[in-house]
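This is protein16.tsv. It holds TSV, C-alpha atoms.
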chain	number	residue	atom	x	y	z
A	1	PHE	CA	-19.04	25.56	33.35
A	2	SER	CA	-20.92	25.77	30.03
A	3	SER	CA	-23.64	28.00	31.51
A	4	ASP	CA	-23.95	30.38	34.45
A	5	SER	CA	-26.31	28.35	36.63
A	6	PRO	CA	-27.04	27.51	40.28
A	7	ALA	CA	-25.45	24.46	41.87
A	8	THR	CA	-27.24	21.17	42.58
A	9	ASP	CA	-26.64	18.56	45.29
A	10	VAL	CA	-25.14	15.48	43.60
A	11	GLY	CA	-23.75	13.36	46.43
A	12	GLN	CA	-22.38	13.05	49.96
A	13	LEU	CA	-19.01	12.57	51.57
A	14	THR	CA	-18.61	9.68	54.01
A	15	GLN	CA	-18.09	12.20	56.81
A	16	GLY	CA	-19.24	15.80	57.35
A	17	ARG	CA	-16.21	18.11	57.43
A	18	TYR	CA	-14.77	21.44	56.36
A	19	ASP	CA	-11.30	22.83	55.52
A	20	ALA	CA	-10.39	19.68	53.57
A	21	ALA	CA	-8.11	19.37	50.51
A	22	GLY	CA	-9.93	19.23	47.16
A	23	ILE	CA	-8.17	17.08	44.55
A	24	SER	CA	-9.37	16.14	41.06
A	25	SER	CA	-8.25	13.47	38.61
A	26	THR	CA	-9.79	13.23	35.15
A	27	LEU	CA	-12.23	10.62	36.48
A	28	ALA	CA	-13.01	11.43	40.11
A	29	LEU	CA	-12.94	13.98	42.90
A	30	TYR	CA	-11.06	13.35	46.14
A	31	THR	CA	-11.53	15.11	49.48
A	32	ALA	CA	-8.68	14.60	51.96
A	33	GLY	CA	-8.47	15.51	55.65
A	34	GLY	CA	-10.54	18.30	57.17
A	35	HIS	CA	-12.17	19.40	60.42
A	36	PRO	CA	-12.98	17.69	62.73
A	37	SER	CA	-9.42	16.45	62.27
A	38	THR	CA	-9.52	13.38	60.05
A	39	ASP	CA	-7.07	11.41	57.91
A	40	ARG	CA	-9.78	10.13	55.58
A	41	ILE	CA	-9.57	10.36	51.76
A	42	ASP	CA	-12.98	10.20	50.08
A	43	LYS	CA	-13.52	9.59	46.36
A	44	MET	CA	-16.55	10.13	44.12
A	45	PRO	CA	-16.50	9.49	40.35
A	46	PHE	CA	-17.59	12.31	38.04
A	47	SER	CA	-19.45	9.81	35.82
A	48	SER	CA	-22.04	8.99	38.48
A	49	GLU	CA	-23.68	11.06	41.19
A	50	GLY	CA	-23.94	9.48	44.61
A	51	ALA	CA	-22.13	8.79	47.83
A	52	GLY	CA	-18.37	9.07	48.14
A	53	THR	CA	-16.31	6.11	49.33
A	54	ASP	CA	-13.39	6.01	51.79
A	55	VAL	CA	-10.42	4.92	49.65
A	56	GLY	CA	-7.39	5.68	51.81
A	57	ASN	CA	-5.81	7.70	54.58
A	58	LEU	CA	-3.36	10.50	55.13
A	59	SER	CA	-0.49	9.74	57.53
A	60	VAL	CA	-2.26	11.74	60.26
A	61	GLY	CA	-5.48	13.72	60.58
A	62	ARG	CA	-5.12	17.38	59.62
A	63	VAL	CA	-7.16	20.54	59.04
A	64	GLY	CA	-6.64	22.86	56.10
A	65	PRO	CA	-4.25	20.94	53.81
A	66	SER	CA	-3.93	22.23	50.27
A	67	GLY	CA	-4.88	19.82	47.48
A	68	HIS	CA	-2.94	19.42	44.22
A	69	MET	CA	-2.85	17.01	41.32
A	70	SER	CA	-0.46	15.83	38.62
A	71	ASP	CA	-1.62	13.63	35.74
A	72	VAL	CA	-1.16	10.50	37.85
A	73	SER	CA	-1.19	11.46	41.53
A	74	GLY	CA	-2.99	13.53	44.14
A	75	TYR	CA	-1.17	15.58	46.79
A	76	ALA	CA	-2.11	16.96	50.22
A	77	ALA	CA	0.34	19.58	51.48
A	78	GLY	CA	0.62	20.96	55.01
A	79	GLY	CA	-2.36	21.62	57.22
A	80	SER	CA	-2.85	22.35	60.92
A	81	SER	CA	0.68	22.39	62.39
A	82	ILE	CA	1.94	19.88	59.81
A	83	ASP	CA	4.57	20.48	57.13
A	84	THR	CA	4.49	17.18	55.19
A	85	ILE	CA	3.69	16.82	51.50
A	86	GLU	CA	1.87	13.54	50.93
A	87	LYS	CA	1.04	11.78	47.66
A	88	PHE	CA	-1.32	9.01	46.53
A	89	PRO	CA	-1.84	7.40	43.10
A	90	PHE	CA	-5.01	7.86	41.06
A	91	ALA	CA	-4.58	4.41	39.44
A	92	SER	CA	-5.30	2.54	42.69
A	93	ASP	CA	-7.03	3.29	45.98
A	94	GLY	CA	-4.62	3.46	48.89
A	95	ASN	CA	-2.90	5.50	51.58
A	96	THR	CA	-0.55	8.40	51.01
A	97	THR	CA	3.22	8.37	51.23
A	98	ASP	CA	5.37	11.20	52.63
A	99	VAL	CA	7.28	12.71	49.68
A	100	GLY	CA	8.55	16.04	51.01
A	101	GLU	CA	8.10	18.95	53.38
A	102	MET	CA	6.73	22.46	53.14
A	103	LEU	CA	9.04	25.25	54.31
A	104	VAL	CA	6.59	26.13	57.06
A	105	SER	CA	3.76	24.20	58.68
A	106	GLY	CA	0.29	25.64	58.35
A	107	GLY	CA	-2.94	25.37	56.43
A	108	ARG	CA	-5.90	27.06	54.76
A	109	GLY	CA	-3.77	28.56	51.99
A	110	ALA	CA	-4.68	28.82	48.31
A	111	ALA	CA	-4.15	25.45	46.59
A	112	ILE	CA	-2.87	26.05	43.06
A	113	THR	CA	-1.61	23.59	40.44
A	114	SER	CA	0.39	24.06	37.25
A	115	ILE	CA	1.24	21.27	34.82
A	116	GLU	CA	4.59	20.77	36.56
A	117	SER	CA	4.18	21.90	40.19
A	118	GLY	CA	1.96	22.40	43.21
A	119	TYR	CA	1.76	25.83	44.88
A	120	ARG	CA	0.43	26.98	48.24
A	121	ALA	CA	-0.13	30.72	48.52
A	122	GLY	CA	-0.78	32.42	51.83
A	123	GLY	CA	-2.57	30.59	54.61
A	124	GLN	CA	-2.60	30.51	58.36
A	125	LEU	CA	0.60	29.69	60.23
A	126	PRO	CA	0.57	28.34	63.79
A	127	SER	CA	1.91	31.60	65.24
A	128	THR	CA	0.45	34.21	62.88
A	129	PRO	CA	-3.04	34.92	61.49
A	130	ASP	CA	-1.91	35.28	57.89
A	131	ASP	CA	1.02	34.80	55.55
A	132	SER	CA	2.17	36.14	52.19
A	133	GLN	CA	4.50	33.31	51.19
A	134	ILE	CA	4.09	31.38	47.92
A	135	GLU	CA	5.63	27.90	48.12
A	136	LYS	CA	6.19	25.51	45.21
A	137	PHE	CA	7.06	21.80	44.93
A	138	PRO	CA	7.67	19.72	41.77
A	139	PHE	CA	5.65	16.74	40.54
A	140	SER	CA	8.61	15.25	38.64
A	141	SER	CA	10.49	14.35	41.83
A	142	ASP	CA	9.61	13.80	45.47
A	143	SER	CA	11.08	17.01	46.88
A	144	ASN	CA	10.59	19.73	49.48
A	145	SER	CA	8.91	23.02	48.64
A	146	THR	CA	10.79	26.25	47.97
A	147	ASP	CA	9.86	29.89	48.53
A	148	VAL	CA	9.18	31.39	45.08
A	149	GLY	CA	7.42	34.68	45.80
A	150	GLU	CA	4.97	36.61	47.91
A	151	LEU	CA	1.34	37.64	47.68
A	152	PHE	CA	0.66	41.36	47.26
A	153	VAL	CA	-1.75	41.11	50.20
A	154	GLY	CA	-0.89	38.58	52.93
A	155	VAL	CA	-4.01	36.54	53.64
A	156	GLY	CA	-4.75	33.47	55.72
A	157	ALA	CA	-7.58	31.32	57.07
A	158	GLY	CA	-9.33	30.53	53.83
A	159	VAL	CA	-7.77	31.75	50.58
A	160	ALA	CA	-9.33	30.15	47.48
A	161	GLY	CA	-6.94	28.99	44.75
A	162	GLN	CA	-7.47	28.89	40.98
A	163	ASN	CA	-5.19	28.25	38.02
A	164	SER	CA	-5.05	28.89	34.30
A	165	LYS	CA	-2.43	27.22	32.10
A	166	THR	CA	-0.01	30.08	32.73
A	167	HIS	CA	-0.90	31.70	36.07
A	168	GLY	CA	-1.94	30.97	39.63
A	169	TYR	CA	-4.66	32.96	41.41
A	170	ALA	CA	-5.51	33.51	45.09
A	171	SER	CA	-8.91	35.00	45.85
A	172	GLY	CA	-10.41	36.30	49.08
A	173	GLY	CA	-9.17	35.30	52.52
A	174	LEU	CA	-8.81	36.73	56.00
A	175	LYS	CA	-6.24	39.44	56.71
A	176	GLY	CA	-5.25	40.61	60.14
A	177	PRO	CA	-4.96	41.83	62.73
A	178	PRO	CA	-7.09	43.87	62.71
A	179	TYR	CA	-9.11	41.08	61.13
A	180	ALA	CA	-10.79	41.80	57.82
A	181	ARG	CA	-12.16	39.63	55.03
A	182	VAL	CA	-10.88	40.71	51.64
A	183	SER	CA	-12.20	40.55	48.08
A	184	CYS	CA	-8.91	40.84	46.20
A	185	ILE	CA	-7.96	38.48	43.37
A	186	GLN	CA	-4.17	38.06	43.20
A	187	LYS	CA	-2.22	36.58	40.29
A	188	PHE	CA	1.32	35.27	39.72
A	189	PRO	CA	3.04	33.60	36.73
A	190	PHE	CA	4.12	29.98	36.50
A	191	ALA	CA	6.91	30.76	34.02
A	192	SER	CA	9.02	32.60	36.61
A	193	ASP	CA	9.27	32.64	40.39
A	194	SER	CA	7.71	36.06	40.97
A	195	PRO	CA	5.51	37.92	43.46
A	196	ALA	CA	1.78	38.18	42.93
A	197	SER	CA	-0.06	41.32	41.86
A	198	ASP	CA	-3.54	42.46	42.89
A	199	ILE	CA	-5.55	42.44	39.65
A	200	ALA	CA	-9.27	42.45	40.46
A	201	SER	CA	-11.96	41.80	43.09
A	202	LEU	CA	-14.63	39.29	44.02
A	203	THR	CA	-18.20	40.58	44.29
A	204	ILE	CA	-18.04	40.42	48.10
A	205	ASN	CA	-15.41	40.17	50.84
A	206	ARG	CA	-15.15	36.60	52.06
A	207	ARG	CA	-12.91	33.89	53.43
A	208	ALA	CA	-13.04	30.12	53.06
A	209	GLY	CA	-14.69	29.99	49.64
A	210	ALA	CA	-14.15	26.97	47.37
A	211	GLY	CA	-11.80	27.57	44.44
A	212	SER	CA	-12.40	25.84	41.09
A	213	SER	CA	-11.00	26.36	37.60
A	214	SER	CA	-12.27	25.78	34.09
A	215	THR	CA	-9.95	26.25	31.10
A	216	VAL	CA	-11.04	29.88	30.76
A	217	SER	CA	-12.31	31.06	34.17
A	218	GLY	CA	-11.77	30.91	37.90
A	219	TYR	CA	-14.63	30.37	40.35
A	220	THR	CA	-14.99	31.16	44.06
A	221	ALA	CA	-18.07	29.56	45.62
A	222	GLY	CA	-19.56	30.32	49.01
A	223	GLY	CA	-17.48	31.61	51.92
A	224	GLN	CA	-17.82	33.39	55.22
A	225	GLN	CA	-18.58	37.06	55.44
A	226	TRP	CA	-19.25	38.25	58.96
A	227	PRO	CA	-21.55	37.19	60.42
A	228	ALA	CA	-23.27	36.02	57.23
A	229	ILE	CA	-22.41	32.86	55.30
A	230	CYS	CA	-22.78	33.44	51.55
A	231	ASN	CA	-24.00	31.14	48.79
A	232	THR	CA	-22.67	33.22	45.89
A	233	ILE	CA	-20.73	31.63	43.03
A	234	ASP	CA	-18.33	34.21	41.56
A	235	LYS	CA	-16.59	33.82	38.20
A	236	PHE	CA	-13.65	35.77	36.79
A	237	PRO	CA	-11.93	35.45	33.38
A	238	PHE	CA	-8.35	34.33	32.85
A	239	ALA	CA	-8.08	36.20	29.51
A	240	SER	CA	-8.24	39.62	31.17
A	241	ASP	CA	-7.53	41.02	34.61
A	242	SER	CA	-11.19	41.72	35.35
A	243	SER	CA	-13.31	41.57	38.47
A	244	ALA	CA	-15.65	38.67	39.17
A	245	SER	CA	-19.34	38.50	38.42
A	246	ASP	CA	-22.07	36.65	40.33
A	247	VAL	CA	-23.10	33.72	38.11
A	248	GLY	CA	-25.15	31.49	40.42
A	249	ASP	CA	-25.79	30.21	43.92
A	250	LEU	CA	-25.00	27.18	46.01
A	251	THR	CA	-27.93	25.23	47.46
A	252	ALA	CA	-27.22	26.99	50.79
A	253	GLY	CA	-24.69	29.34	52.33
A	254	LYS	CA	-21.53	27.35	53.13
A	255	TYR	CA	-17.86	27.93	53.88
A	256	GLY	CA	-14.75	25.79	54.20
A	257	MET	CA	-15.68	23.64	51.21
A	258	SER	CA	-13.17	21.89	48.96
A	259	GLY	CA	-13.20	22.81	45.27
A	260	HIS	CA	-13.02	20.36	42.34
A	261	GLN	CA	-13.31	20.42	38.57
A	262	VAL	CA	-13.44	18.10	35.59
So that I can check it, write out the structure of this file as structure tokens.
Amino acid sequence: FSSDSPATDVGQLTQGRYDAAGISSTLALYTAGGHPSTDRIDKMPFSSEGAGTDVGNLSVGRVGPSGHMSDVSGYAAGGSSIDTIEKFPFASDGNTTDVGEMLVSGGRGAAITSIESGYRAGGQLPSTPDDSQIEKFPFSSDSNSTDVGELFVGVGAGVAGQNSKTHGYASGGLKGPPYARVSCIQKFPFASDSPASDIASLTINRRAGAGSSSTVSGYTAGGQQWPAICNTIDKFPFASDSSASDVGDLTAGKYGMSGHQV
């Protein structure tokens, strides 16, 4: 984050996969679920670069869950045709427990996290290609999600999520039919349950990019154009509603990655 630079290969998951949940504690990254449908939770510490380890399991294999994190726990919400919200502790390696339900089953939405809550924005429902719903669930209690707003542009199948201290962001995604990859960056406040507004654009239309957040910027890395697969790392500022700039490249064009940050 300290410089605009290309990415480097620093390790491997225990299993090749895409459309998995990306979850980050202060010490390690976790990758949960994914396609081909798996229940595996992998962990790799930020302090050392190397292979991930299998440290637990979701209740069932799923594709496209959204990943969230409180100070003490990781969450995997929804995915495939599943509506469960599952939670695991960072303090010990183990399986998840079922702590709530999403309003609708589905996956590949924008995974967004505030200090107090997890949000899933948009995504692909079993019966529709895209969705505009923003759902929210609290970290303070094991509870179901609630509908707290709508995206300005309904997008599914690969919306990247980012978050500042005060706002959630959803970037890119697939809209349809007729199917089209979009470049819009959408923003909504954490302080009130409100709809999102379209504030800026990525450098290219894409779906299934990886969303990551520093304290001052959001990043969308890789993604699928059509038919090309891009390697671009885009960055946009939280301080102003400004469009993204191209600040580096992945080692290769990829899509369906999980995003992490420390």
**OP:** Taking (-8.2, 42.5, 57.4) in the file's own coordinates, collect the residues within 12 Å, counting all atoms listed in the file, and hand them back as a VMD selection string.
**Re:** chain A and resid 129 to 130 153 to 157 172 to 184 205 to 207 225 to 226
Subject >> Residue nearest Gly248 in chain A - candidates A:Ser117, A:Thr232, A:Gln261, A:Thr203, atoms counted: only C-alpha atoms >> reply: A:Thr232
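In terms of minimum interatomic distance to Asp98 in chain A, A:Tyr75 ranks closest within A:Phe190, A:Phe46, A:Tyr119, A:Tyr75, counting all atoms listed in the file.
Separating CA of Gly223 in chain A from CA of Thr31 in chain A is a distance of 17.7 Å.
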**OP:** Write out as a ChimeraX atom specification which residues come within 9 Å of range 8-17 of chain A when counting all atoms listed in the file, dropping same-chain ones fewer than 6 positions away.
**Re:** /A:31,33-38,40,42-44,48-54,250-251,256-257
Writer output for current selection, C-alpha atoms, as a PDB file, in the frame of the given file:
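What landed in selection-v3.pdb:
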ATOM      1  CA  THR A  31     -11.530  15.110  49.480  1.00  0.00           C
ATOM      2  CA  GLY A  33      -8.470  15.510  55.650  1.00  0.00           C
ATOM      3  CA  GLY A  34     -10.540  18.300  57.170  1.00  0.00           C
ATOM      4  CA  HIS A  35     -12.170  19.400  60.420  1.00  0.00           C
ATOM      5  CA  PRO A  36     -12.980  17.690  62.730  1.00  0.00           C
ATOM      6  CA  SER A  37      -9.420  16.450  62.270  1.00  0.00           C
ATOM      7  CA  THR A  38      -9.520  13.380  60.050  1.00  0.00           C
ATOM      8  CA  ARG A  40      -9.780  10.130  55.580  1.00  0.00           C
ATOM      9  CA  ASP A  42     -12.980  10.200  50.080  1.00  0.00           C
ATOM     10  CA  LYS A  43     -13.520   9.590  46.360  1.00  0.00           C
ATOM     11  CA  MET A  44     -16.550  10.130  44.120  1.00  0.00           C
ATOM     12  CA  SER A  48     -22.040   8.990  38.480  1.00  0.00           C
ATOM     13  CA  GLU A  49     -23.680  11.060  41.190  1.00  0.00           C
ATOM     14  CA  GLY A  50     -23.940   9.480  44.610  1.00  0.00           C
ATOM     15  CA  ALA A  51     -22.130   8.790  47.830  1.00  0.00           C
ATOM     16  CA  GLY A  52     -18.370   9.070  48.140  1.00  0.00           C
ATOM     17  CA  THR A  53     -16.310   6.110  49.330  1.00  0.00           C
ATOM     18  CA  ASP A  54     -13.390   6.010  51.790  1.00  0.00           C
ATOM     19  CA  LEU A 250     -25.000  27.180  46.010  1.00  0.00           C
ATOM     20  CA  THR A 251     -27.930  25.230  47.460  1.00  0.00           C
ATOM     21  CA  GLY A 256     -14.750  25.790  54.200  1.00  0.00           C
ATOM     22  CA  MET A 257     -15.680  23.640  51.210  1.00  0.00           C
TER      23      MET A 257
END
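Distances to Gln124 in chain A were evaluated for A:Gly78, A:Ser164, A:Thr146, A:Gly94 using all atoms listed in the file, and the minimum falls at A:Gly78.
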**OP:** Measure the distance from CA of Gly222 in chain A to CA of Ile204 in chain A in Å and round it to one decimal.
**Re:** 10.3 Å
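Considering only C-alpha atoms, the residue among A:Ser5, A:Ser73, A:Ser24, A:Ser197 positioned nearest to Ser92 in chain A is A:Ser73.
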Original post:
Out of A:Asp234, A:Glu150, A:Asp246, A:Asp241, which residue has the shortest atom-to-atom distance to Asp131 in chain A when counting all atoms listed in the file?
Top reply: A:Glu150
